[in-house]
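> One file: my_file03.txt (compact mmCIF, C-alpha atoms).
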```txt
# COMPACT_ATOMS: atom_id res chain seq x y z
CA MET H 1 3.70 19.08 -2.43
CA THR H 2 0.73 21.35 -1.70
CA VAL H 3 -0.80 20.75 -5.14
CA VAL H 4 -0.31 17.00 -4.78
CA ALA H 5 -1.86 17.10 -1.31
CA ILE H 6 -4.91 18.97 -2.59
CA ILE H 7 -5.44 16.63 -5.56
CA THR H 8 -4.99 13.54 -3.38
CA GLY H 9 -7.31 14.93 -0.75
CA VAL H 10 -10.03 15.67 -3.31
CA LEU H 11 -9.74 12.16 -4.80
CA LEU H 12 -9.92 10.56 -1.36
CA ALA H 13 -12.88 12.72 -0.32
CA ALA H 14 -14.76 11.79 -3.50
CA ALA H 15 -13.99 8.10 -2.94
CA GLY H 16 -15.20 8.27 0.66
CA ALA H 17 -18.37 10.12 -0.35
CA MET H 18 -19.20 7.54 -3.05
CA ALA H 19 -18.58 4.66 -0.64
CA LEU H 20 -20.90 6.34 1.88
CA ILE H 21 -23.60 6.71 -0.79
CA ARG H 22 -23.32 2.96 -1.47
CA ALA H 23 -23.49 2.28 2.28
CA GLU H 24 -26.73 4.25 2.42
CA LYS H 25 -28.26 2.63 -0.67
CA GLY H 26 -27.51 -0.91 0.33
CA PRO H 27 -29.30 -2.99 -0.96
CA SER H 28 -27.98 -5.69 1.38
CA MET H 29 -25.94 -5.68 4.54
CA LEU H 30 -22.92 -7.15 2.72
CA ASP H 31 -22.84 -4.28 0.20
CA ARG H 32 -22.76 -1.89 3.14
CA THR H 33 -19.93 -3.88 4.69
CA ILE H 34 -17.86 -3.58 1.52
CA ALA H 35 -18.58 0.13 1.31
CA LEU H 36 -17.44 0.61 4.91
CA ASP H 37 -14.27 -1.39 4.16
CA ILE H 38 -13.55 1.14 1.43
CA VAL H 39 -14.18 3.96 3.88
CA VAL H 40 -11.56 2.41 6.17
CA SER H 41 -9.06 2.17 3.27
CA VAL H 42 -9.73 5.82 2.42
CA LEU H 43 -9.22 6.72 6.06
CA VAL H 44 -5.85 4.92 6.11
CA ALA H 45 -4.82 6.75 2.94
CA ALA H 46 -5.96 10.08 4.39
CA VAL H 47 -3.98 9.61 7.61
CA ALA H 48 -0.95 8.60 5.53
CA LEU H 49 -1.41 11.71 3.37
CA TYR H 50 -1.53 13.89 6.48
CA ALA H 51 1.64 12.25 7.81
CA ALA H 52 3.36 12.73 4.45
CA VAL H 53 2.43 16.41 4.12
CA ASP H 54 3.45 17.37 7.66
CA ARG H 55 6.33 14.85 7.84
CA ARG H 56 4.89 13.48 11.05
CA SER H 57 5.96 9.96 11.91
CA ASP H 58 3.99 9.89 15.19
CA VAL H 59 0.68 9.10 13.47
CA VAL H 60 2.06 5.86 11.99
CA PRO H 61 0.72 3.75 14.92
CA ILE H 62 -2.78 4.88 13.90
CA LEU H 63 -2.20 3.20 10.53
CA VAL H 64 -1.11 -0.03 12.25
CA VAL H 65 -4.24 -0.05 14.41
CA LEU H 66 -6.56 0.71 11.47
CA SER H 67 -5.08 -2.06 9.34
CA LEU H 68 -5.50 -4.54 12.21
CA VAL H 69 -9.00 -3.56 13.30
CA GLY H 70 -10.54 -2.66 9.94
CA PHE H 71 -11.53 -6.21 9.03
CA ILE H 72 -13.27 -7.15 12.29
CA GLY H 73 -16.53 -5.41 11.40
CA SER H 74 -16.92 -7.07 8.02
CA VAL H 75 -15.99 -10.52 9.40
CA THR H 76 -18.58 -10.19 12.18
CA ILE H 77 -21.34 -8.95 9.89
CA SER H 78 -20.77 -11.62 7.24
CA ARG H 79 -20.59 -14.36 9.89
CA PHE H 80 -24.12 -13.49 10.96
CA ALA H 81 -25.51 -12.52 7.57
CA SER H 82 -28.81 -14.18 6.73
CA VAL H 83 -31.33 -14.07 3.92
CA GLU H 84 -33.09 -10.72 4.11
CA PRO H 85 -36.62 -10.23 2.80
CA GLU H 86 -36.94 -8.08 -0.33
CA GLY H 87 -36.88 -4.35 0.43
CA GLU H 88 -35.99 -4.90 4.08
CA GLY H 89 -32.43 -3.60 3.65
CA ARG H 90 -33.53 -0.09 2.71
CA VAL H 91 -33.51 2.90 5.01
CA ARG H 92 -37.19 3.90 5.17
CA THR H 93 -38.43 7.44 4.77
CA ARG H 94 -40.39 9.26 7.46
CA GLU H 95 -43.67 8.85 5.52
CA GLU H 96 -43.21 5.09 5.16
CA ILE H 97 -42.53 4.71 8.86
CA ALA H 98 -45.62 6.80 9.66
CA ALA H 99 -47.77 4.68 7.31
CA GLU H 100 -46.52 1.44 8.86
CA GLU H 101 -47.13 2.79 12.33
CA ALA H 102 -50.70 3.83 11.43
CA GLU H 103 -51.36 0.37 9.98
CA ARG H 104 -50.07 -1.31 13.11
CA ILE H 105 -52.20 0.90 15.39
CA LYS H 106 -55.28 0.23 13.27
CA ALA H 107 -54.72 -3.53 13.44
CA GLU H 108 -54.27 -3.33 17.20
CA GLU H 109 -57.48 -1.33 17.60
CA GLU H 110 -59.40 -3.84 15.47
CA ALA H 111 -58.10 -6.72 17.54
CA GLU H 112 -59.03 -4.86 20.71
CA SER H 113 -62.60 -4.12 19.58
CA GLU H 114 -63.02 -7.73 18.46
CA ARG H 115 -61.86 -8.96 21.83
CA ARG H 116 -64.28 -6.57 23.54
CA ALA H 117 -67.20 -7.81 21.43
CA ARG H 118 -66.32 -11.43 22.18
CA ARG H 119 -66.15 -10.69 25.89
CA ALA H 120 -69.53 -8.99 25.79
CA LYS H 121 -71.02 -12.00 23.99
CA ASP H 122 -69.49 -14.36 26.55
CA ALA H 123 -70.93 -12.32 29.40
CA GLU H 124 -74.35 -12.43 27.75
CA HIS H 125 -74.12 -16.22 27.40
CA THR H 126 -73.15 -16.77 31.00
CA ALA H 127 -75.94 -14.47 32.14
CA LYS H 128 -78.44 -16.47 30.08
CA ASP H 129 -77.04 -19.78 31.38
CA THR H 130 -77.31 -18.72 35.02
CA GLY H 131 -80.78 -17.33 34.34
CA GLU H 132 -81.97 -20.65 32.90
CA GLY H 133 -80.31 -22.61 35.68
CA HIS H 134 -82.38 -21.08 38.44
CA MET K 1 18.47 18.16 -8.11
CA ASN K 2 19.45 16.25 -5.00
CA TRP K 3 18.16 12.90 -3.69
CA ASP K 4 15.71 14.50 -1.26
CA ALA K 5 13.85 16.25 -4.06
CA ILE K 6 13.78 13.04 -6.12
CA ALA K 7 12.37 11.10 -3.15
CA ASP K 8 9.73 13.80 -2.63
CA VAL K 9 8.65 13.61 -6.27
CA ALA K 10 8.50 9.81 -6.17
CA SER K 11 6.48 9.99 -2.95
CA ALA K 12 4.04 12.44 -4.56
CA VAL K 13 3.59 10.09 -7.54
CA CYS K 14 2.95 7.12 -5.23
CA LEU K 15 0.44 9.06 -3.11
CA LEU K 16 -1.38 10.20 -6.25
CA GLY K 17 -1.49 6.61 -7.52
CA GLY K 18 -2.92 5.34 -4.24
CA ALA K 19 -5.55 8.08 -4.17
CA ALA K 20 -6.48 7.31 -7.78
CA LEU K 21 -7.03 3.65 -6.86
CA ALA K 22 -9.18 4.70 -3.89
CA PHE K 23 -11.20 6.92 -6.24
CA ALA K 24 -11.62 4.00 -8.67
CA ALA K 25 -12.88 1.87 -5.80
CA GLY K 26 -15.41 4.55 -4.90
CA VAL K 27 -16.69 4.76 -8.49
CA GLY K 28 -16.80 0.98 -8.79
CA VAL K 29 -18.62 0.34 -5.54
CA LEU K 30 -21.19 2.96 -6.47
CA ARG K 31 -21.83 1.86 -10.07
CA PHE K 32 -21.25 -1.91 -10.26
CA PRO K 33 -24.36 -4.08 -10.32
CA ASP K 34 -23.85 -6.89 -7.80
CA LEU K 35 -21.96 -7.92 -4.70
CA LEU K 36 -19.03 -9.73 -6.29
CA SER K 37 -18.19 -6.95 -8.76
CA ARG K 38 -18.43 -4.41 -5.95
CA MET K 39 -16.00 -6.54 -3.96
CA HIS K 40 -13.72 -6.61 -6.99
CA ALA K 41 -13.71 -2.81 -7.09
CA GLY K 42 -13.39 -2.46 -3.34
CA THR K 43 -10.25 -4.58 -2.99
CA LYS K 44 -8.16 -2.32 -5.25
CA PRO K 45 -7.21 0.25 -2.56
CA GLN K 46 -7.00 -2.45 0.10
CA VAL K 47 -3.73 -3.90 -1.17
CA LEU K 48 -2.15 -2.11 -4.14
CA GLY K 49 -3.50 1.31 -3.21
CA LEU K 50 -2.42 0.89 0.39
CA VAL K 51 1.07 -0.29 -0.61
CA LEU K 52 1.44 2.70 -2.96
CA VAL K 53 0.36 5.13 -0.24
CA LEU K 54 2.70 3.53 2.29
CA VAL K 55 5.64 3.62 -0.14
CA GLY K 56 4.86 7.28 -0.75
CA LEU K 57 4.72 7.99 2.96
CA SER K 58 8.00 6.18 3.70
CA LEU K 59 9.78 7.98 0.86
CA ARG K 60 8.65 11.22 2.42
CA LEU K 61 9.42 10.33 6.06
CA ARG K 62 12.84 8.66 5.34
CA ASP K 63 13.00 7.42 8.94
CA GLY K 64 13.92 3.82 9.79
CA SER K 65 11.53 3.04 12.64
CA ALA K 66 8.51 4.63 10.90
CA VAL K 67 9.27 2.66 7.72
CA TRP K 68 9.30 -0.62 9.66
CA ALA K 69 5.94 0.26 11.20
CA LEU K 70 4.62 0.92 7.67
CA VAL K 71 5.89 -2.49 6.55
CA LEU K 72 3.89 -3.94 9.46
CA VAL K 73 0.80 -2.06 8.26
CA ALA K 74 1.12 -3.58 4.78
CA LEU K 75 1.69 -7.04 6.29
CA PHE K 76 -1.37 -6.84 8.56
CA GLN K 77 -3.53 -5.58 5.72
CA MET K 78 -2.41 -8.44 3.48
CA LEU K 79 -3.25 -10.90 6.27
CA THR K 80 -6.66 -9.49 7.14
CA ALA K 81 -8.09 -8.33 3.79
CA PRO K 82 -8.38 -11.88 2.33
CA VAL K 83 -10.12 -13.12 5.50
CA ALA K 84 -12.75 -10.40 5.28
CA ALA K 85 -13.17 -10.87 1.51
CA HIS K 86 -13.53 -14.63 1.87
CA LEU K 87 -16.19 -14.35 4.55
CA VAL K 88 -18.14 -11.66 2.68
CA GLY K 89 -18.05 -13.73 -0.52
CA ARG K 90 -19.15 -16.88 1.27
CA ALA K 91 -22.00 -15.14 3.06
CA GLY K 92 -23.02 -13.50 -0.23
CA TYR K 93 -23.13 -16.84 -2.04
CA ARG K 94 -25.09 -18.52 0.73
CA THR K 95 -27.67 -15.76 1.06
CA GLY K 96 -28.20 -15.49 -2.70
CA LYS K 97 -26.55 -12.13 -3.35
CA VAL K 98 -24.60 -13.51 -6.36
CA ARG K 99 -26.30 -12.90 -9.69
CA ASP K 100 -26.05 -15.99 -11.93
CA ASP K 101 -26.54 -14.00 -15.15
CA LEU K 102 -23.36 -11.97 -14.55
CA LEU K 103 -21.11 -14.96 -13.91
CA VAL K 104 -18.86 -16.36 -16.66
CA VAL K 105 -17.81 -19.44 -14.69
CA ASP K 106 -19.59 -20.83 -11.64
CA GLU K 107 -17.50 -23.75 -10.43
CA LEU K 108 -18.89 -23.68 -6.89
CA THR K 109 -22.49 -24.39 -7.94
CA GLU K 110 -21.35 -27.15 -10.33
CA ALA K 111 -19.23 -28.78 -7.63
CA GLN K 112 -22.10 -28.58 -5.16
CA ASP K 113 -24.51 -30.16 -7.64
CA ARG K 114 -22.00 -32.97 -8.29
CA ALA K 115 -21.56 -33.58 -4.56
CA VAL K 116 -25.32 -33.66 -3.95
CA ARG K 117 -25.79 -36.14 -6.82
CA ALA K 118 -22.98 -38.38 -5.53
CA ALA K 119 -24.46 -38.35 -2.02
CA GLU K 120 -27.89 -39.31 -3.37
CA GLU K 121 -26.43 -42.19 -5.40
CA ALA K 122 -24.48 -43.43 -2.39
CA ALA K 123 -27.63 -43.35 -0.28
CA VAL K 124 -29.58 -45.34 -2.90
CA GLN K 125 -26.80 -47.93 -3.15
CA ALA K 126 -26.59 -48.30 0.62
CA GLU K 127 -30.35 -48.82 0.77
CA THR K 128 -30.38 -51.58 -1.89
CA ALA K 129 -27.40 -53.31 -0.25
CA ASN K 130 -29.20 -53.21 3.10
CA ASP K 131 -32.40 -54.65 1.59
CA GLY K 132 -30.53 -57.63 0.16
CA ALA K 133 -28.26 -58.51 3.08
CA ASP K 134 -29.98 -57.54 6.30
CA PRO K 135 -33.70 -58.03 6.78
CA LYS K 136 -33.71 -56.14 10.13
CA PRO K 137 -31.39 -53.15 9.68
CA ASN K 138 -32.33 -51.34 12.91
CA THR K 139 -31.52 -54.04 15.43
CA LYS K 140 -28.36 -52.43 16.79
```
Once you've parsed the file, please lay out its structure as structure tokens.

Amino acid sequence: MTVVAIITGVLLAAAGAMALIRAEKGPSMLDRTIALDIVVSVLVAAVALYAAVDRRSDVVPILVVLSLVGFIGSVTISRFASVEPEGEGRVRTREEIAAEEAERIKAEEEAESERRARRAKDAEHTAKDTGEGH
Amino acid sequence: MNWDAIADVASAVCLLGGAALAFAAGVGVLRFPDLLSRMHAGTKPQVLGLVLVLVGLSLRLRDGSAVWALVLVALFQMLTAPVAAHLVGRAGYRTGKVRDDLLVVDELTEAQDRAVRAAEEAAVQAETANDGADPKPNTK
């Protein structure tokens, strides 16, 4: 039984690791959902393996709960799935986030300086108008 | 060799089979190219793999109440897995995650095209019939 438990455990661990890699890679939310469904199946199998090795029947309710609850996440996600823009479903690296942040700050600063220049011009105009008026 | 040892060996075989199916699902979900084929790989341990693991567990436990709870587990999984798969497939089709070049048959797109064409023809016919019979169609 020990040998069988080790082999089964290694197979399940490899399956879970590969499903997690797919969940990280994406590319879309639905692929991640499927990968997480597989993680839940692997979890059910792992709990069952533990119960079989130790002959413990008190963990069986965990299996019932997992089989009932496991599908709620994927149903919810696919109900609200929408068309994602290309490349949006990827986890971004630190550098990419920094670059995007820098771009955003630059755009904000440009808008700010433009607004300031416009305000200065407006003030000049009003000053001229009042000057001519009197 | 008594019956307990035979049941233990059978349980070990079933557990190994279930784990092998879970491993196959992991390989498939990692290496297959699009959503539908990944779903195909991912549903292997959800029904057959789970049933094998549960049969292995009940052969090992050999305890009436636990075995009935395991039957419930299999029943719930068979009720809920198709719901999740249906919704994921539908959302995938509607958001364009299905690759046309990998499909052998695509009956859904054909049926949709037919329905759209029929609706257009019906609209045209209704318009011509209205033109002939009723000069002021919006009087109601």
> List the neighbours of stretch 55-58 of chain K out to 9 Å using all atoms listed in the file; skip same-chain residues closer than 4 positions along the sequence, and give me the result as a PyMOL selection string.
(chain H and resi 48-49+51-53+55) or (chain K and resi 7-8+10-16+18+50-51+62-64+66-67+70)
> Smallest atom-to-atom distance to H:Glu24: which of K:Ala81, K:Ala22, K:Leu30, K:Val104, using all atoms listed in the file?
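Checking each of K:Ala81, K:Ala22, K:Leu30, K:Val104 against H:Glu24, counting all atoms listed in the file, the winner is K:Leu30.
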> Could you tell me how far atom CA of K:Thr95 lies from atom CA of H:Ser67, in Å and to one decimal?
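Between atom CA of K:Thr95 and atom CA of H:Ser67 the gap is 27.7 Å.
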> Of the candidates H:Asp129, H:Phe71, H:Val44, H:Asp54, which shows the shortest atom-to-atom distance to K:Arg60, using only C-alpha atoms?
H:Asp54
> I'd like to know which of H:Ala99, H:Val3, H:Leu36, H:Ala81 is closest to chain K, using only C-alpha atoms.
H:Ala81
